[in-house]
Amino acid sequence: MRSTLLKTAKSLGVWLICLLTTTSLYAQNTISGTVTDGETDESLPGVNVLVKGTTIGTITDVDGKYTLSVPNDAETLVFSSVGYTTEELAINNQSTIDMTMMPDIQSLSEVVVVGYGTQEKRDVTAAIASLDAEQIAAIPVASGVQAMQGQVAGVDIMQSGSRPGQAPSIRIRGRRSISASNDPLYVIDGIPQTSSTAAITDINPQDIQSMEVLKDAAATAVYGSRGANGVVLITTKRGSTGKTTVSYDGYYGVSSVINQVDMMNGEEFAAMKRESRRRDPVTNQVSYDGVIPDDILIFEDPVELESIDLGRSTDYQDLIFDNGYQTNHQIGVRGGSEKTQFNISLGYFDEQGIISNMDFRRITGRVNLDHRINDVFKVGISTLISNSVQNFGSNATLGEALANNPLGVPYNEDGTPRFLPTNDGIRTNPLSELVPGAYVDERKINRIFAPLYLEANITEGLTFRSTFGPDIRQRRDGDFRASLTNTNRGGPARAGIWQREEAGYTLENLLTYNRTFFTNHEFKFTALQSIQALRTEWHATNVVNLPYESQSFYNLGTAEVKGDLFSRLEEWTLASYMGRINYDIADKYLFQATLRADGSSRLAEGNKWQYFPGLSAGWRVIDEGFMSNVNFLSELKLRASYGAVGNTSVDPYQTFGRLGRTTYAWDETPAFGYRLAEIPNADLGWEVSSTVNVGTDFGFFGGRLSGSFEWYNTNTNDILLERNLPFTSGYTQILQNVASTNTRGVELGLTGVIVDNPDGFSWTTTFNITGYNERITELALTDPETGEPLDDVGNDWFIGQPIKVFFDYEKTGIWQLGEEDMARDMDQKVPGEIKLKDQDGDGEITPADRIVLGTDVPDFMGGWTNNFDYKGFNLSFFFYYRVGHMIRSNFHAGNNSLFARYNNLDVDYWTIDNPSNEAPRPNENQERPRDGGTLTYFDGSYVKLRNVTLGYTLPSSMTENWGISRLRFYASAQNPLFWSRFETFDPEVEDQDDNENPGQVGSGIVPSSRLFLFGVNVQF
Amino acid sequence: MKSKIIVLSIALTAFLSQSCEDYLKEELESAESAASYYTTPQGWEDAVRATYAEMKNFYGPEIGWTMTVFGTDVHTNGADGSHKPINLYNGELNPAQGFVRQAWTFFYRGINQANAVINRSTEVDLPEDVKTARIAEVRFLRALYYFNLTRFYGDIHLTLEETEGIETTANKTAASEIYGQAIIPDLEFAIGILPDIQDDLGRVTKPAAEYLLGKVLLTRSYTSFAAGDDASRAETLFSNIINNYGFELAEDYYELWGLNERGVPVGIATAEDNSEVIWAVQNSKQQVDEGLDGQGHRAHLYFLMEYDKLPGMTRDIENGRPWKRFRPTNFQLSLWDRTIDRRYDETYKHVWFANFEGNIPVWTAEEAANGFVDVSLVGQPKFALGDTAIYIPGPGLSDAFDEEAKKSTRYLVVTPDPQFDADPWFYTERVYPTLNKFIDNTRPNRQHVQGQRDYIMMRLGEAYLLRAEARLAQGNVAGATEDINVIRRRAAWDGMESAMEVTAAEVDLDFLLDERAREMDGEGHRWFTLARTGTLVERVRANNPEGSPNIQDFHIIRPIPLQQIDRTEGGYEQNPGYAGSDT
């Protein structure tokens, strides 16, 4: 491996030296002039002025003026600036050359960031979607990822309730793996991030200039081993030459819970409890057709009887939900001279959740600097310093609010929370969690991320750039649980501190070479060498029996019982080489080829290195001569690509077969030991996905209707899966390259400019829809005779099905009176219990009757945005939809126990007088109904109106009098409406605590909130 | 130009300077792997200790108690817990039942650990005699794990080799082979090697191995594949234990649990040093208190009734954290003659003293009108902190509490049945006589679940009863009677020793099983005992009202866990009677 790379690098070096010898120097003339904007007639600073075919050039100053010494034989000057059409002018011995530049209105010449460079959008041959600063800032959210939701076809973003500061989950073109991470790779200012989605919550969305999503493998192949889940490129705003602008953006809004769950009230709870106590009068055994005993025997707690007498009922949800707020303030200063540009910003984000002890505050500071040392060298840095504090809050707040007996009493006579609203020792008062200081789970993150680069324009078209990106992220969780919390239930207070320090760096050396041959053959070569490392240290201390509670977690040493110390070290490294060639003929025939080699420390010896190729081609049909008469088409490009990418996001050290510590003692002498915990896997290797992508970009009627369409087919092989093993082996699972999947999908994005009147009413609409089909094609198990792949029931993996399916019995109803014999013979059940479908018709319910009920993969999903403009007014609204997936609701598993000890969802349960087929009969003898899991599957489809914003920008003629170049006010509503068949909280709530079981609604989730806010944008 | 060359050379150096092999080498610092650690003497000894530690997954936590205590003739379910199907024998005692799966998992993990110790012994640099001694210990443990597995599940997977690599198949070996190829040879080997006493208290000793082999042979003697001398060999082994090692019965029954004659804890820490204890699973006070041991002895939770909701009471360390899992059946409560037998009185809790002022009841005008109390005391608390708040008279003494007595007594009296309409204080799934054998008032706080008691797996008292059983099996009723009387005399109130003695005419297997219920109440053997003697189904039907409607003949073994079947390549045969079995 090494020798191959050496050879490649050496031959590259020789080749480069040959190229360098072509540059030479001549005698000089001086030319000066002024550049102006053709529309506004204002002078244009920052325009590049270059002698064509050389590196000789300058930049216009604040007044749009330039002076340039040119060689005698110079013929043409090239003027270029972002957002303007590049112009060329013959020198013809003139010494003054003024230039008027026209804004480039064609959106197709937008520049998009691709991995390791930029490309004009018209030249892109891979599936890349991009969002600009305006789109990102349009929706007030804590993180840039959330702003992407529904805006980009093929990107599936799921919120996890409205706990402030919680990172959403993001999947690009679905999921490939279960055990390895499915998070995309984030690349911020060119540096691949070492941590997952959480890392970008440190970035203030207002600092983001653009976000690009690389979707197909041809695009992500430049990131090789980490490209399998897609790549999100985030570019932060940099300074610009010219007038210094100062801007302020701020908003403030009030949030409230979207909806409350219909739990039983006191009367309904009492009825359920009575039913659950029904007993056979002779045997005194629980019985569906027995009699209900007297209330005095049913309600053990005097409080219950008192509430029944008084008709008193407590709605705990009412007590815990409050209004929250969200506010954000950002001040930015941008500007610079020809040599130095800067962008400085300071941001403050503060969100108070709808449950009082959940909040999130973040302060971010950013300094982006670029400085040109001389004609050759340029240096720069992007610095992010961020501090965030999340008060995670107690899951027991909502959990207890739902589970507490509504016949209980939540307050003492003096108005303080009554710790046990009933005498049930398990059910504590949710308000006790909210007593200030009682439940502390404070998660503080400090981060410094400061990539710096040195760029050298070695000769015309040849650039070398070296970037070093240190990234230090510290997280400290401080925990405290007072005696009167659900954790301790009156036991002594406990506290702990958990710390993690991540120190990573990336070093990248990038060489690019551009050259045009024969007039219209453009050639671009990119070579990369990169290394990356991450070192993570953890330590934790947990103590119990604190002498005084006011110390919170700041005086652990005083605890009576110390113990549970923990520390750990984890390190990984990645080494890479990448080469890329772009070759455009006449701007019509576009080709790109890439090859990346990655070596990962996390994989087994001999499997560490892998090559990842990518190939793509595009044909700009619209630029062909024969299209010149096709007037209704304004853009047509066909694209095709193939690429392979990998996934190495497994925890380090998986190949060793680590031991687990055990505890024993000889009398009172510790006898700790180490047991076998993992099977060493010397074969652990890369998970590789290869994708074929076919796409087209099109525009009709002068760009009034434009869009793109993609079709892709991804085969993922050697998928890393945590494979369940029979227990008789002494192990329960192993991480293995075990399966193959196929994912096929389509994505369509459309933009329509329906009405376009810059002076009057305009209406643009964008719509995207995407769908994919995921299926397992191979598993480790094969039929010994035919060699055909076999289903792996022990892992819930089935050939032809998605990786995550819900495999269970199917509920058909409730066993009714008259079906006693059948209920007993089929499933040892009685009327009132859940009736399952006998799928194989053998007259008995056996494990063979389990089927695949559904999957968490939606049929289709996407978003629809509308923008209306009228004389400074702007109205936009945005719908997000996700249809056809199944969810498993742990929320229902937890709150529909029909055990009559805890409060219950207000379901229509069976009784001898109520032949319901919805829910089984309450029964005090079971903590959950038998086969109650079958009550937790739901159609997860929903449509959400995510955002409505009405804004007004004051005319600049008015604001300029006040020294303000732009002033906008807006009001916005987040999540004002949604439609769903899942009737409790929001269905858009993935269980974050359970990565192994995606598609689940968690039981401790914080319900979604609705936010109404007002904001202002000012620019001086 | 010069600067360009410098840049270029920097670039080239950067490209070439890395040695990727070293850069990508992975080193494990904060953990150890078997390949490197088990080859060192310390590492291999740690592997041995880990084999012991697997016992703690079962002996101590809820799973072990649940699978051996209720679902029998003597204990039924209390109000709480999600594992009631093991008592109810209903359709939820099925292949997906959690404890059924976990027990299977833990024991096979322990077996693999034992196999690994043996397998890797060749690579470690230790004297041969040390290695052999440790191998004898882990072979004892492997035998224990296989014995439990085959007692619970019947025909099972057998392997004496460490799993190396990915194993997706499993065999179903007849129980006779499990005894013949694994359990008995392992124990015979252990007996040949192990010392009478170990320096480290808790390491397996020769008498412990003999005791287990005795039980194994006794168990096999009831099976279709019994060897003719199983019972006599068992008797010999128990006789050796009784006669030759200096074990002695505790003078007073209560000493074994650190209680006093009223069942009140007085010194738990010393209970374990009793000379009656032959072998116990070890728990350390420091480890359980500091959370280093997440398991510990948890039986202090399960036998307690819901005292903390009753008037004058709140939960505290002294009275324990009541999880109300296991409730004595009326049959169990009927077994002791308390006039001569002191075992109920010494291990059950009788009185709860008021520890909570907030809910002490007051005398009512109605009670005064009925003459229960002087009118002047109406509105006054019935009792003060520290006074009796609850009293359970228990078997034989409850009759004194008729309606009037119950109503006029200032504290709450719990009787087996209600004494008047709407009398709430009688034996229910929440309120019932409470076995105090495992109470742990030394826990650091009232919520703490990990108790410090050792799990006494083998004691001399049971050795007598096991020898009695072996003697009965050989028709030696007189010998069995002698052994039973040893135990009964110890259990007699002072002066009642002869009244406690029984004659051979009274002794049969049923009597022995009843005596075991009196002597071994709640100690975690009952389900095995009934399954061994073939009396499980009949005794549950007769005496466990919750289990009796559902129990069937196939319940003498547990179902094979569904996940084992699902995960095994080619499947795995379910035990007869359970959903998914062919028979």
# chains A, B, ... in the order shown; residues from 1 in each chain; ligands from 1

$ residues_around --residues "A:Pro451" --least-positions-apart "3" --cutoff "10 Å" --atoms "only C-alpha atoms" --output "number ranges by chain"
A: 188-191, 368, 380-384, 448, 467-471, 505-507

$ residues_around --residues "B:Gly547" --least-positions-apart "2" --cutoff "8 Å" --atoms "only C-alpha atoms" --output "number ranges by chain"
B: 71, 76, 87-90, 540-541, 544-545, 549-551

$ write_last_selection --atoms "N, CA, C and O atoms" --output "compact mmCIF listing (two decimals), in the first residue's frame"
# COMPACT_ATOMS: atom_id res chain seq x y z
N GLY B 71 -44.42 -19.76 42.50
CA GLY B 71 -44.76 -20.82 41.55
C GLY B 71 -44.61 -22.18 42.22
O GLY B 71 -44.46 -23.20 41.56
N THR B 76 -46.74 -17.70 46.80
CA THR B 76 -47.46 -17.22 45.63
C THR B 76 -47.13 -15.75 45.46
O THR B 76 -46.31 -15.20 46.19
N ASN B 87 -45.23 -17.47 38.60
CA ASN B 87 -46.09 -18.03 39.64
C ASN B 87 -47.42 -18.51 39.07
O ASN B 87 -47.97 -19.50 39.50
N LEU B 88 -47.92 -17.76 38.09
CA LEU B 88 -49.28 -18.03 37.59
C LEU B 88 -49.33 -19.19 36.62
O LEU B 88 -50.39 -19.77 36.40
N TYR B 89 -48.21 -19.54 36.02
CA TYR B 89 -48.17 -20.59 35.00
C TYR B 89 -49.19 -20.32 33.90
O TYR B 89 -49.78 -21.23 33.33
N ASN B 90 -49.43 -19.05 33.61
CA ASN B 90 -50.39 -18.73 32.56
C ASN B 90 -49.67 -18.64 31.22
O ASN B 90 -48.49 -18.96 31.09
N VAL B 540 -48.55 -27.61 43.62
CA VAL B 540 -49.02 -26.27 43.22
C VAL B 540 -50.54 -26.31 43.05
O VAL B 540 -51.25 -25.42 43.50
N ARG B 541 -51.03 -27.35 42.42
CA ARG B 541 -52.49 -27.46 42.24
C ARG B 541 -53.20 -27.45 43.58
O ARG B 541 -54.25 -26.84 43.75
N ASN B 544 -51.40 -23.66 45.83
CA ASN B 544 -51.11 -22.31 45.32
C ASN B 544 -52.34 -21.85 44.52
O ASN B 544 -52.50 -22.23 43.36
N PRO B 545 -53.21 -21.07 45.14
CA PRO B 545 -54.48 -20.74 44.46
C PRO B 545 -54.29 -19.98 43.16
O PRO B 545 -55.09 -20.14 42.24
N PRO B 549 -54.98 -23.03 38.78
CA PRO B 549 -55.84 -23.22 37.60
C PRO B 549 -55.04 -23.45 36.31
O PRO B 549 -55.60 -23.98 35.35
N ASN B 550 -53.81 -23.03 36.29
CA ASN B 550 -53.09 -23.03 35.02
C ASN B 550 -51.99 -24.08 34.89
O ASN B 550 -51.63 -24.44 33.78
N ILE B 551 -51.44 -24.52 36.01
CA ILE B 551 -50.24 -25.36 35.89
C ILE B 551 -50.57 -26.66 35.18
O ILE B 551 -51.66 -27.23 35.36

$ interface_residues --of "chain B" --to "chain A" --cutoff "7 Å" --atoms "only C-alpha atoms" --output "ChimeraX atom specification"
/B:4,11-12,15-16,20,23-26,28,30-34,46-47,49-50,53,81-82,91-92,105,108-109,112-113,157,163,165,167-168,170,200-202,282-284,290-293,309,422,424,445-447,546,563-564,566-568,579-580

$ atom_distance --atom1 "atom CA of B:Leu530" --atom2 "atom CA of B:Ala234"
17.9 Å

$ select_by_dssp --residues "stretch 251-424 of chain B" --states "strand (DSSP E or B)" --output "PyMOL selection string"
chain B and resi 259+265+277-281+297+326-328+341+348-349+351-353+362+381+388-391+412-413+415

$ select_by_dssp --residues "stretch 364-598 of chain A" --states "helix (DSSP H, G or I)" --output "list in words"
Asn395, Ala396, Thr397, Leu398, Gly399, Glu400, Ala401, Leu402, Ala403, Pro430, Leu431, Ser432, Glu433, Glu549, Ser550, Gln551, Leu556, Gly557 and Thr558 of chain A

$ residues_around --residues "A:Val261" --least-positions-apart "4" --cutoff "9 Å" --atoms "only C-alpha atoms" --output "PyMOL selection string"
chain A and resi 317+402+905-906+983-985

$ write_last_selection --atoms "N, CA and C atoms" --output "compact mmCIF listing (two decimals), in the first residue's frame"
# COMPACT_ATOMS: atom_id res chain seq x y z
N GLN A 317 -50.77 17.19 33.56
CA GLN A 317 -50.17 17.84 32.38
C GLN A 317 -50.36 19.35 32.46
N LEU A 402 -47.90 11.92 33.44
CA LEU A 402 -48.79 11.00 32.74
C LEU A 402 -49.21 9.84 33.62
N LEU A 905 -53.75 5.99 29.24
CA LEU A 905 -54.38 6.65 28.10
C LEU A 905 -55.87 6.34 28.14
N ASP A 906 -56.65 7.29 27.72
CA ASP A 906 -58.10 7.13 27.81
C ASP A 906 -58.58 6.26 26.65
N GLU A 983 -52.25 9.78 17.56
CA GLU A 983 -53.10 10.72 18.26
C GLU A 983 -52.55 11.30 19.55
N THR A 984 -51.34 10.99 19.92
CA THR A 984 -50.89 11.55 21.19
C THR A 984 -50.11 12.83 20.95
N PHE A 985 -48.81 12.80 21.21
CA PHE A 985 -48.03 13.98 20.88
C PHE A 985 -47.71 13.92 19.40

$ closest_residue --among "B:Thr39, B:Gln332, B:Ser498, B:Ser232" --to "B:Phe70" --atoms "only C-alpha atoms"
B:Gln332

$ residues_around --residues "B:Tyr578" --least-positions-apart "3" --cutoff "9 Å" --atoms "only C-alpha atoms" --output "CSV table (one decimal) with all heavy atoms, in the first residue's frame"
chain,number,residue,atom,x,y,z
A,846,THR,N,-48.4,-19.3,17.9
A,846,THR,CA,-47.0,-19.7,18.2
A,846,THR,C,-46.1,-18.7,17.6
A,846,THR,O,-46.5,-17.8,16.9
A,846,THR,CB,-46.7,-21.1,17.5
A,846,THR,OG1,-46.7,-20.9,16.1
A,846,THR,CG2,-47.7,-22.2,17.9
B,91,GLY,N,-50.4,-18.2,30.2
B,91,GLY,CA,-49.8,-18.1,28.9
B,91,GLY,C,-48.6,-17.2,28.7
B,91,GLY,O,-47.9,-17.3,27.8
B,93,LEU,N,-46.1,-17.3,30.8
B,93,LEU,CA,-44.9,-18.1,31.0
B,93,LEU,C,-44.5,-18.8,29.7
B,93,LEU,O,-44.9,-20.0,29.5
B,93,LEU,CB,-45.1,-19.1,32.2
B,93,LEU,CG,-43.9,-20.1,32.5
B,93,LEU,CD1,-42.7,-19.3,32.7
B,93,LEU,CD2,-44.2,-20.9,33.6
B,94,ASN,N,-44.0,-18.0,28.8
B,94,ASN,CA,-43.8,-18.5,27.5
B,94,ASN,C,-42.4,-18.3,27.0
B,94,ASN,O,-41.6,-17.7,27.8
B,94,ASN,CB,-44.8,-17.8,26.5
B,94,ASN,CG,-44.7,-16.3,26.5
B,94,ASN,OD1,-43.6,-15.8,26.7
B,94,ASN,ND2,-45.7,-15.6,26.3
B,95,PRO,N,-42.0,-18.7,25.8
B,95,PRO,CA,-40.6,-18.6,25.4
B,95,PRO,C,-40.1,-17.1,25.4
B,95,PRO,O,-38.8,-16.9,25.4
B,95,PRO,CB,-40.6,-19.2,24.0
B,95,PRO,CG,-41.8,-20.1,24.0
B,95,PRO,CD,-42.8,-19.4,24.9
B,554,PHE,N,-46.4,-30.1,31.7
B,554,PHE,CA,-45.1,-29.7,31.0
B,554,PHE,C,-44.4,-28.6,31.8
B,554,PHE,O,-43.2,-28.3,31.5
B,554,PHE,CB,-45.4,-29.3,29.6
B,554,PHE,CG,-46.2,-28.1,29.4
B,554,PHE,CD1,-45.7,-26.8,29.5
B,554,PHE,CD2,-47.6,-28.2,29.0
B,554,PHE,CE1,-46.5,-25.7,29.3
B,554,PHE,CE2,-48.4,-27.1,28.9
B,554,PHE,CZ,-47.8,-25.8,29.0
B,555,HIS,N,-45.0,-28.0,32.8
B,555,HIS,CA,-44.4,-26.9,33.5
B,555,HIS,C,-43.2,-27.4,34.4
B,555,HIS,O,-42.6,-26.5,35.1
B,555,HIS,CB,-45.4,-26.2,34.3
B,555,HIS,CG,-46.2,-25.2,33.5
B,555,HIS,ND1,-47.6,-25.3,33.4
B,555,HIS,CD2,-45.9,-24.3,32.6
B,555,HIS,CE1,-48.1,-24.4,32.6
B,555,HIS,NE2,-47.1,-23.8,32.0
B,558,ARG,N,-38.8,-25.3,32.1
B,558,ARG,CA,-39.1,-24.0,31.5
B,558,ARG,C,-39.0,-24.0,30.0
B,558,ARG,O,-38.3,-24.9,29.5
B,558,ARG,CB,-38.1,-22.9,32.0
B,558,ARG,CG,-37.9,-22.9,33.5
B,558,ARG,CD,-39.1,-22.5,34.3
B,558,ARG,NE,-38.8,-22.1,35.7
B,558,ARG,CZ,-39.7,-21.9,36.6
B,558,ARG,NH1,-41.0,-22.0,36.3
B,558,ARG,NH2,-39.4,-21.5,37.8
B,559,PRO,N,-39.6,-23.1,29.3
B,559,PRO,CA,-39.5,-23.0,27.9
B,559,PRO,C,-38.1,-22.6,27.5
B,559,PRO,O,-37.4,-21.9,28.2
B,559,PRO,CB,-40.5,-21.9,27.5
B,559,PRO,CG,-40.7,-21.1,28.7
B,559,PRO,CD,-40.5,-22.0,29.9
B,560,ILE,N,-37.7,-23.1,26.3
B,560,ILE,CA,-36.4,-22.6,25.7
B,560,ILE,C,-36.6,-21.2,25.3
B,560,ILE,O,-37.7,-20.9,24.6
B,560,ILE,CB,-36.0,-23.5,24.5
B,560,ILE,CG1,-35.8,-24.9,24.9
B,560,ILE,CG2,-34.8,-22.9,23.8
B,560,ILE,CD1,-34.6,-25.2,25.7
B,574,GLN,N,-38.1,-26.4,20.7
B,574,GLN,CA,-38.8,-26.0,21.9
B,574,GLN,C,-39.1,-27.1,22.8
B,574,GLN,O,-39.3,-28.2,22.4
B,574,GLN,CB,-40.0,-25.2,21.5
B,574,GLN,CG,-40.8,-24.6,22.7
B,574,GLN,CD,-39.9,-23.7,23.6
B,574,GLN,OE1,-39.3,-24.2,24.5
B,574,GLN,NE2,-39.9,-22.4,23.3
B,575,ASN,N,-39.2,-26.9,24.1
B,575,ASN,CA,-39.6,-27.9,25.1
B,575,ASN,C,-41.0,-28.2,24.9
B,575,ASN,O,-41.8,-27.3,24.6
B,575,ASN,CB,-39.3,-27.5,26.5
B,575,ASN,CG,-37.8,-27.6,26.8
B,575,ASN,OD1,-37.1,-28.4,26.2
B,575,ASN,ND2,-37.3,-26.8,27.8
B,581,SER,N,-43.6,-25.6,20.2
B,581,SER,CA,-43.0,-26.9,20.2
B,581,SER,C,-43.8,-27.9,19.3
B,581,SER,O,-44.9,-27.6,19.0
B,581,SER,CB,-43.1,-27.4,21.7
B,581,SER,OG,-44.3,-28.0,21.9
B,582,ASP,N,-43.1,-28.9,18.9
B,582,ASP,CA,-43.7,-29.9,18.0
B,582,ASP,C,-44.6,-30.8,18.8
B,582,ASP,O,-45.5,-31.4,18.2
B,582,ASP,CB,-42.6,-30.7,17.3
B,582,ASP,CG,-41.7,-29.8,16.5
B,582,ASP,OD1,-42.2,-28.8,16.1
B,582,ASP,OD2,-40.5,-30.2,16.3
B,583,THR,N,-44.5,-30.9,20.1
B,583,THR,CA,-45.3,-31.8,20.8
B,583,THR,C,-46.2,-31.1,21.8
B,583,THR,O,-46.0,-30.0,22.1
B,583,THR,CB,-44.4,-32.8,21.6
B,583,THR,OG1,-43.4,-32.0,22.3
B,583,THR,CG2,-43.8,-33.8,20.7

$ closest_residue --among "B:Ile278, B:Ile317, B:Leu187, B:Ile556" --to "B:Arg539" --atoms "only C-alpha atoms"
B:Ile556

$ residues_around --residues "stretch 737-743 of chain A" --least-positions-apart "2" --cutoff "10 Å" --atoms "only C-alpha atoms" --output "number ranges by chain"
A: 173-177, 681, 683-691, 712-723, 734-735, 745, 772-781, 789, 797, 799-803

$ residues_around --residues "A:Gly478" --least-positions-apart "3" --cutoff "6 Å" --atoms "only C-alpha atoms" --output "ChimeraX atom specification"
/A:441-442,497

$ residues_around --residues "B:Ile178" --least-positions-apart "6" --cutoff "9 Å" --atoms "only C-alpha atoms" --output "list in words"
Tyr146, Phe147, Thr150, Asp155, Ile156, His157, Leu158 and Ile184 of chain B
